[in-house]
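Asker: File entry.pdb follows (PDB, C-alpha atoms and all ligand atoms):
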```pdb
ATOM      1  CA  MET U  14      -8.089  16.645  -5.775  1.00  0.00           C
ATOM      2  CA  VAL U  15      -4.422  15.859  -6.141  1.00  0.00           C
ATOM      3  CA  ASP U  16      -3.636  12.244  -7.053  1.00  0.00           C
ATOM      4  CA  LEU U  17      -1.564  11.455  -3.974  1.00  0.00           C
ATOM      5  CA  GLY U  18      -0.604   8.029  -5.246  1.00  0.00           C
ATOM      6  CA  ARG U  19       0.901   9.556  -8.391  1.00  0.00           C
ATOM      7  CA  LYS U  20       2.641  12.272  -6.363  1.00  0.00           C
ATOM      8  CA  ILE U  21       4.164   9.692  -4.033  1.00  0.00           C
ATOM      9  CA  LYS U  22       5.453   7.641  -6.937  1.00  0.00           C
ATOM     10  CA  GLU U  23       6.945  10.746  -8.573  1.00  0.00           C
ATOM     11  CA  ALA U  24       8.636  11.685  -5.317  1.00  0.00           C
ATOM     12  CA  VAL U  25      10.072   8.211  -4.927  1.00  0.00           C
ATOM     13  CA  GLY U  26      11.298   8.256  -8.506  1.00  0.00           C
ATOM     14  CA  ALA U  27      12.959  11.641  -7.943  1.00  0.00           C
ATOM     15  CA  VAL U  28      15.418  10.303  -5.404  1.00  0.00           C
ATOM     16  CA  ASP U  29      18.079   7.726  -6.064  1.00  0.00           C
ATOM     17  CA  ASN U  30      18.403   6.650  -2.470  1.00  0.00           C
ATOM     18  CA  LEU U  31      15.197   5.709  -0.645  1.00  0.00           C
ATOM     19  CA  SER U  32      16.885   6.336   2.711  1.00  0.00           C
ATOM     20  CA  LYS U  33      16.902  10.067   1.831  1.00  0.00           C
ATOM     21  CA  PHE U  34      13.167  10.023   1.067  1.00  0.00           C
ATOM     22  CA  GLU U  35      10.996  11.857   3.594  1.00  0.00           C
ATOM     23  CA  LYS U  36       8.031   9.626   4.295  1.00  0.00           C
ATOM     24  CA  PHE U  37       4.508  11.017   4.266  1.00  0.00           C
ATOM     25  CA  SER U  38       2.533  11.374   7.484  1.00  0.00           C
ATOM     26  CA  LYS U  39      -0.508   9.151   7.871  1.00  0.00           C
ATOM     27  CA  LEU U  40      -2.713  12.228   7.621  1.00  0.00           C
ATOM     28  CA  LYS U  41      -1.145  13.436   4.374  1.00  0.00           C
ATOM     29  CA  ALA U  42      -1.424   9.962   2.880  1.00  0.00           C
ATOM     30  CA  SER U  43      -5.080   9.659   3.996  1.00  0.00           C
ATOM     31  CA  TYR U  44      -4.113   6.514   5.874  1.00  0.00           C
ATOM     32  CA  VAL U  45      -6.808   4.758   7.886  1.00  0.00           C
ATOM     33  CA  GLU U  46      -7.138   1.403   9.607  1.00  0.00           C
ATOM     34  CA  TYR U  47     -10.455  -0.109  10.626  1.00  0.00           C
ATOM     35  CA  ASP U  48     -10.333  -2.589  13.483  1.00  0.00           C
ATOM     36  CA  LYS U  49     -13.411  -4.364  12.120  1.00  0.00           C
ATOM     37  CA  PHE U  50     -11.260  -5.533   9.174  1.00  0.00           C
ATOM     38  CA  ALA U  51      -8.437  -6.874  11.362  1.00  0.00           C
ATOM     39  CA  ASN U  52      -9.696 -10.451  11.081  1.00  0.00           C
ATOM     40  CA  SER U  53     -10.847 -10.219   7.461  1.00  0.00           C
ATOM     41  CA  ASN U  54      -9.405 -12.148   4.552  1.00  0.00           C
ATOM     42  CA  LEU U  55      -6.548  -9.730   3.903  1.00  0.00           C
ATOM     43  CA  ARG U  56      -5.761 -11.268   0.516  1.00  0.00           C
ATOM     44  CA  GLN U  57      -8.810  -9.500  -0.891  1.00  0.00           C
ATOM     45  CA  SER U  58      -9.495  -5.758  -1.294  1.00  0.00           C
ATOM     46  CA  TYR U  59      -7.286  -2.738  -0.820  1.00  0.00           C
ATOM     47  CA  PHE U  60      -5.446  -3.554   2.382  1.00  0.00           C
ATOM     48  CA  CYS U  61      -1.863  -2.589   3.178  1.00  0.00           C
ATOM     49  CA  TYR U  62      -1.225  -6.333   3.321  1.00  0.00           C
ATOM     50  CA  ASN U  63      -1.621  -6.461  -0.472  1.00  0.00           C
ATOM     51  CA  CYS U  64       0.298  -3.264  -1.209  1.00  0.00           C
ATOM     52  CA  ILE U  65       3.766  -3.382  -2.746  1.00  0.00           C
ATOM     53  CA  TYR U  66       4.985  -0.771  -0.228  1.00  0.00           C
ATOM     54  CA  TRP U  67       4.095  -2.720   2.920  1.00  0.00           C
ATOM     55  CA  ILE U  68       6.956  -4.268   4.903  1.00  0.00           C
ATOM     56  CA  ASN U  69       5.910  -7.112   7.163  1.00  0.00           C
ATOM     57  CA  ALA U  70       8.756  -6.679   9.595  1.00  0.00           C
ATOM     58  CA  ASP U  71       9.190  -4.961  12.955  1.00  0.00           C
ATOM     59  CA  GLY U  72       5.430  -4.870  13.508  1.00  0.00           C
ATOM     60  CA  GLY U  73       4.383  -3.472  10.152  1.00  0.00           C
ATOM     61  CA  LYS U  74       5.982  -0.607   8.262  1.00  0.00           C
ATOM     62  CA  CYS U  75       5.559   1.125   4.929  1.00  0.00           C
ATOM     63  CA  MET U  76       8.171   2.371   2.490  1.00  0.00           C
ATOM     64  CA  LEU U  77       6.183   5.586   1.865  1.00  0.00           C
ATOM     65  CA  VAL U  78       4.165   6.388   4.995  1.00  0.00           C
ATOM     66  CA  LYS U  79       5.419   6.958   8.557  1.00  0.00           C
ATOM     67  CA  ASN U  80       4.114   4.442  11.069  1.00  0.00           C
ATOM     68  CA  GLU U  81       3.967   7.074  13.847  1.00  0.00           C
ATOM     69  CA  GLY U  82       1.258   9.688  14.228  1.00  0.00           C
ATOM     70  CA  PRO U  83      -2.523   9.710  13.987  1.00  0.00           C
ATOM     71  CA  ASP U  84      -4.505   8.319  11.068  1.00  0.00           C
ATOM     72  CA  VAL U  85      -7.415  10.256   9.549  1.00  0.00           C
ATOM     73  CA  MET U  86      -9.681   8.965  12.323  1.00  0.00           C
ATOM     74  CA  GLY U  87      -7.326  10.312  15.020  1.00  0.00           C
ATOM     75  CA  ASN U  88      -6.195   6.855  16.100  1.00  0.00           C
ATOM     76  CA  GLU U  89      -2.525   6.163  16.842  1.00  0.00           C
ATOM     77  CA  SER U  90      -1.343   2.585  16.529  1.00  0.00           C
ATOM     78  CA  ASN U  91       2.343   3.319  15.722  1.00  0.00           C
ATOM     79  CA  VAL U  92       2.286   0.626  13.027  1.00  0.00           C
ATOM     80  CA  ILE U  93       1.175   0.328   9.436  1.00  0.00           C
ATOM     81  CA  ALA U  94      -1.438  -2.329  10.014  1.00  0.00           C
ATOM     82  CA  PRO U  95      -2.090  -5.085   7.469  1.00  0.00           C
ATOM     83  CA  HIS U  96      -5.760  -4.041   7.523  1.00  0.00           C
ATOM     84  CA  GLY U  97      -4.932  -0.363   6.834  1.00  0.00           C
ATOM     85  CA  CYS U  98      -4.979   1.500   3.529  1.00  0.00           C
ATOM     86  CA  CYS U  99      -4.102   4.888   2.049  1.00  0.00           C
ATOM     87  CA  ALA U 100      -4.137   6.913  -1.165  1.00  0.00           C
ATOM     88  CA  GLY U 101      -0.772   5.475  -2.200  1.00  0.00           C
ATOM     89  CA  TYR U 102      -2.055   1.895  -2.402  1.00  0.00           C
ATOM     90  CA  GLU U 103      -0.521  -0.145  -5.200  1.00  0.00           C
ATOM     91  CA  ALA U 104      -1.654  -3.730  -5.610  1.00  0.00           C
ATOM     92  CA  ASN U 105       0.847  -6.522  -5.175  1.00  0.00           C
ATOM     93  CA  TYR U 106      -0.548  -8.943  -7.762  1.00  0.00           C
ATOM     94  CA  ASP U 107       1.767 -11.687  -6.547  1.00  0.00           C
ATOM     95  CA  LYS U 108      -0.023 -11.639  -3.201  1.00  0.00           C
ATOM     96  CA  ILE U 109      -3.631 -10.524  -3.696  1.00  0.00           C
ATOM     97  CA  ASP U 110      -6.242 -13.150  -4.526  1.00  0.00           C
ATOM     98  CA  ASP U 111      -7.794 -12.938  -7.959  1.00  0.00           C
ATOM     99  CA  THR U 112     -11.432 -13.584  -7.123  1.00  0.00           C
ATOM    100  CA  ARG U 113     -12.632 -13.501 -10.714  1.00  0.00           C
ATOM    101  CA  LYS U 114     -14.009 -16.810 -11.901  1.00  0.00           C
ATOM    102  CA  GLY U 115     -13.701 -18.375 -15.313  1.00  0.00           C
ATOM    103  CA  LYS U 116     -10.942 -19.481 -17.645  1.00  0.00           C
ATOM    104  CA  GLN U 117     -10.958 -16.167 -19.515  1.00  0.00           C
ATOM    105  CA  HIS U 118      -9.224 -14.540 -16.530  1.00  0.00           C
ATOM    106  CA  LYS U 119      -5.649 -15.685 -16.246  1.00  0.00           C
ATOM    107  CA  LYS U 120      -3.794 -14.937 -13.008  1.00  0.00           C
ATOM    108  CA  VAL U 121      -2.147 -11.509 -13.171  1.00  0.00           C
ATOM    109  CA  THR U 122       1.189 -10.911 -11.479  1.00  0.00           C
ATOM    110  CA  THR U 123       3.065  -7.701 -10.720  1.00  0.00           C
ATOM    111  CA  ALA U 124       5.394  -8.472 -13.617  1.00  0.00           C
ATOM    112  CA  ASP U 125       2.395  -8.431 -15.985  1.00  0.00           C
ATOM    113  CA  VAL U 126       1.472  -4.857 -15.117  1.00  0.00           C
ATOM    114  CA  THR U 127       4.840  -3.157 -14.675  1.00  0.00           C
ATOM    115  CA  ASP U 128       6.238  -0.960 -17.417  1.00  0.00           C
ATOM    116  CA  LYS U 129       9.370  -3.120 -17.665  1.00  0.00           C
ATOM    117  CA  ASN U 130       7.467  -5.829 -19.489  1.00  0.00           C
ATOM    118  CA  LYS U 131       5.608  -3.578 -21.905  1.00  0.00           C
ATOM    119  CA  ASP U 132       7.153  -3.195 -25.359  1.00  0.00           C
TER     120      ASP U 132
HETATM  121  S1  LIG U 201      -1.671   1.286   1.373  1.00  0.00           S
HETATM  122 FE1  LIG U 201      -0.466   3.136   1.893  1.00  0.00          FE
HETATM  123  S2  LIG U 201       0.191   2.832   4.027  1.00  0.00           S
HETATM  124 FE2  LIG U 201      -0.513   0.866   3.263  1.00  0.00          FE
HETATM  125  S3  LIG U 201       1.376  -0.127   2.566  1.00  0.00           S
HETATM  126 FE3  LIG U 201       0.441   0.877   0.773  1.00  0.00          FE
HETATM  127  S4  LIG U 201       1.396   2.900   0.649  1.00  0.00           S
HETATM  128 FE4  LIG U 201       1.795   2.056   2.698  1.00  0.00          FE
END
```
As structure tokens, what does this structure read like?

Answerer:
Amino acid sequence: MVDLGRKIKEAVGAVDNLSKFEKFSKLKASYVEYDKFANSNLRQSYFCYNCIYWINADGGKCMLVKNEGPDVMGNESNVIAPHGCCAGYEANYDKIDDTRKGKQHKKVTTADVTDKNKD
């Protein structure tokens, strides 16, 4: 199976101007939202809420995936819901809770895992 997350990131990197980028449909991105997670603790697990591509404005949008159209379950909400997820998920370590216990696990931020900070 094609690594959609990698393909999306390559596509984004291939264009200088994000406004020219054609967003993926929810179906192509394997996007799904489960209503039973709507009231969950969204700071844990792989929710759009914790993804670096989620935009919490205008009712929920994504930089990579169109908010219109059906998800893989055939549901149409016309938003990218905070309790949704897709194959392009990329953790926002500044937002997601680190549930690991113990002093050996220091808090990890996005800056710790981006290539910019690796020598
Ligand atoms: S998980 Fe997918 S749909 Fe949700 S914000 Fe991230 S890239 Fe967008």

Asker: As a quick test: using all atoms listed in the file, which residues lie no more than 6 Å away from ligand LIG 201 (chain U)? Give them as a count of residues only.

Answerer: 13

Asker: Nearest to Tyr47 in chain U among U:His96, U:Arg19, U:Gly82, U:Gly73, with distances taken over all atoms listed in the file: which residue is it?

Answerer: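 For Tyr47 in chain U, the nearest of the candidates is U:His96.
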
Asker: Residue by residue, what does the PyMOL selection byres (((chain U and resi 36) around 8) and not hetatm) grab here? Present the result as a PyMOL selection string.

Answerer: chain U and resi 34-35+37-38+76-79

Asker: Take CA of Asp110 in chain U and CA of Val85 in chain U and report the distance between them in Å, one decimal.

Answerer: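 Separation between CA of Asp110 in chain U and CA of Val85 in chain U: 27.3 Å.
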
Asker: Determine the residue membership of the PyMOL selection byres (((chain U and resi 81) around 10) and not hetatm) for the file above and supply it as a ChimeraX atom specification.

Answerer: /U:38-39,74,78-80,82-84,89-93

Asker: Counting all atoms listed in the file, which of U:Ala42, U:Ser53, U:Asn69, U:Tyr59 gets nearest to Ile109 in chain U?

Answerer: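 Using all atoms listed in the file, Ile109 in chain U sits closest to U:Tyr59.
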
Asker: With only C-alpha atoms as the basis for distance, which of U:Ile65, U:Ala94, U:Asp71, U:Ser58 is at the shortest distance from Val45 in chain U?

Answerer: U:Ala94

Asker: CA of Ala104 in chain U and CA of Ile68 in chain U are how many Å apart?

Answerer: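 A separation of 13.6 Å between them.
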
Asker: Would you mind reading off the distance between CA of Lys41 in chain U and CA of Met86 in chain U, one decimal, in Å?

Answerer: 12.5 Å

Asker: Using all atoms listed in the file, which of U:Asn88, U:Ser43, U:Pro95, U:Ala100 sits nearest Phe60 in chain U?

Answerer: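 So, comparing all the options, the nearest one is U:Pro95.
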
Asker: Would you kindly place N, CA and C atoms on range 95-111 of chain U and return the model as a CSV table (one decimal), keeping the file's coordinate frame?

Answerer:
```
chain,number,residue,atom,x,y,z
U,95,PRO,N,-1.7,-4.4,8.7
U,95,PRO,CA,-2.1,-5.1,7.5
U,95,PRO,C,-3.5,-4.8,7.0
U,96,HIS,N,-4.4,-4.4,7.9
U,96,HIS,CA,-5.8,-4.0,7.5
U,96,HIS,C,-5.9,-2.5,7.3
U,97,GLY,N,-4.8,-1.8,7.1
U,97,GLY,CA,-4.9,-0.4,6.8
U,97,GLY,C,-4.9,-0.1,5.3
U,98,CYS,N,-5.1,1.1,4.9
U,98,CYS,CA,-5.0,1.5,3.5
U,98,CYS,C,-4.8,3.0,3.4
U,99,CYS,N,-4.3,3.5,2.3
U,99,CYS,CA,-4.1,4.9,2.0
U,99,CYS,C,-4.2,5.2,0.6
U,100,ALA,N,-4.0,6.5,0.2
U,100,ALA,CA,-4.1,6.9,-1.2
U,100,ALA,C,-3.0,6.4,-2.0
U,101,GLY,N,-1.9,5.9,-1.4
U,101,GLY,CA,-0.8,5.5,-2.2
U,101,GLY,C,-0.8,4.0,-2.5
U,102,TYR,N,-1.9,3.3,-2.2
U,102,TYR,CA,-2.1,1.9,-2.4
U,102,TYR,C,-1.7,1.5,-3.8
U,103,GLU,N,-0.9,0.4,-3.9
U,103,GLU,CA,-0.5,-0.1,-5.2
U,103,GLU,C,-0.6,-1.7,-5.0
U,104,ALA,N,-1.4,-2.3,-5.8
U,104,ALA,CA,-1.7,-3.7,-5.6
U,104,ALA,C,-0.4,-4.6,-5.9
U,105,ASN,N,-0.2,-5.5,-5.0
U,105,ASN,CA,0.8,-6.5,-5.2
U,105,ASN,C,0.2,-7.7,-5.8
U,106,TYR,N,0.2,-7.9,-7.1
U,106,TYR,CA,-0.5,-8.9,-7.8
U,106,TYR,C,0.0,-10.3,-7.5
U,107,ASP,N,1.2,-10.4,-6.9
U,107,ASP,CA,1.8,-11.7,-6.5
U,107,ASP,C,1.1,-12.2,-5.3
U,108,LYS,N,0.5,-11.3,-4.5
U,108,LYS,CA,0.0,-11.6,-3.2
U,108,LYS,C,-1.5,-11.7,-3.2
U,109,ILE,N,-2.2,-10.7,-3.8
U,109,ILE,CA,-3.6,-10.5,-3.7
U,109,ILE,C,-4.3,-11.7,-4.4
U,110,ASP,N,-5.5,-12.1,-3.9
U,110,ASP,CA,-6.2,-13.2,-4.5
U,110,ASP,C,-7.0,-12.6,-5.7
U,111,ASP,N,-7.0,-13.3,-6.8
U,111,ASP,CA,-7.8,-12.9,-8.0
U,111,ASP,C,-9.1,-13.7,-7.8
```
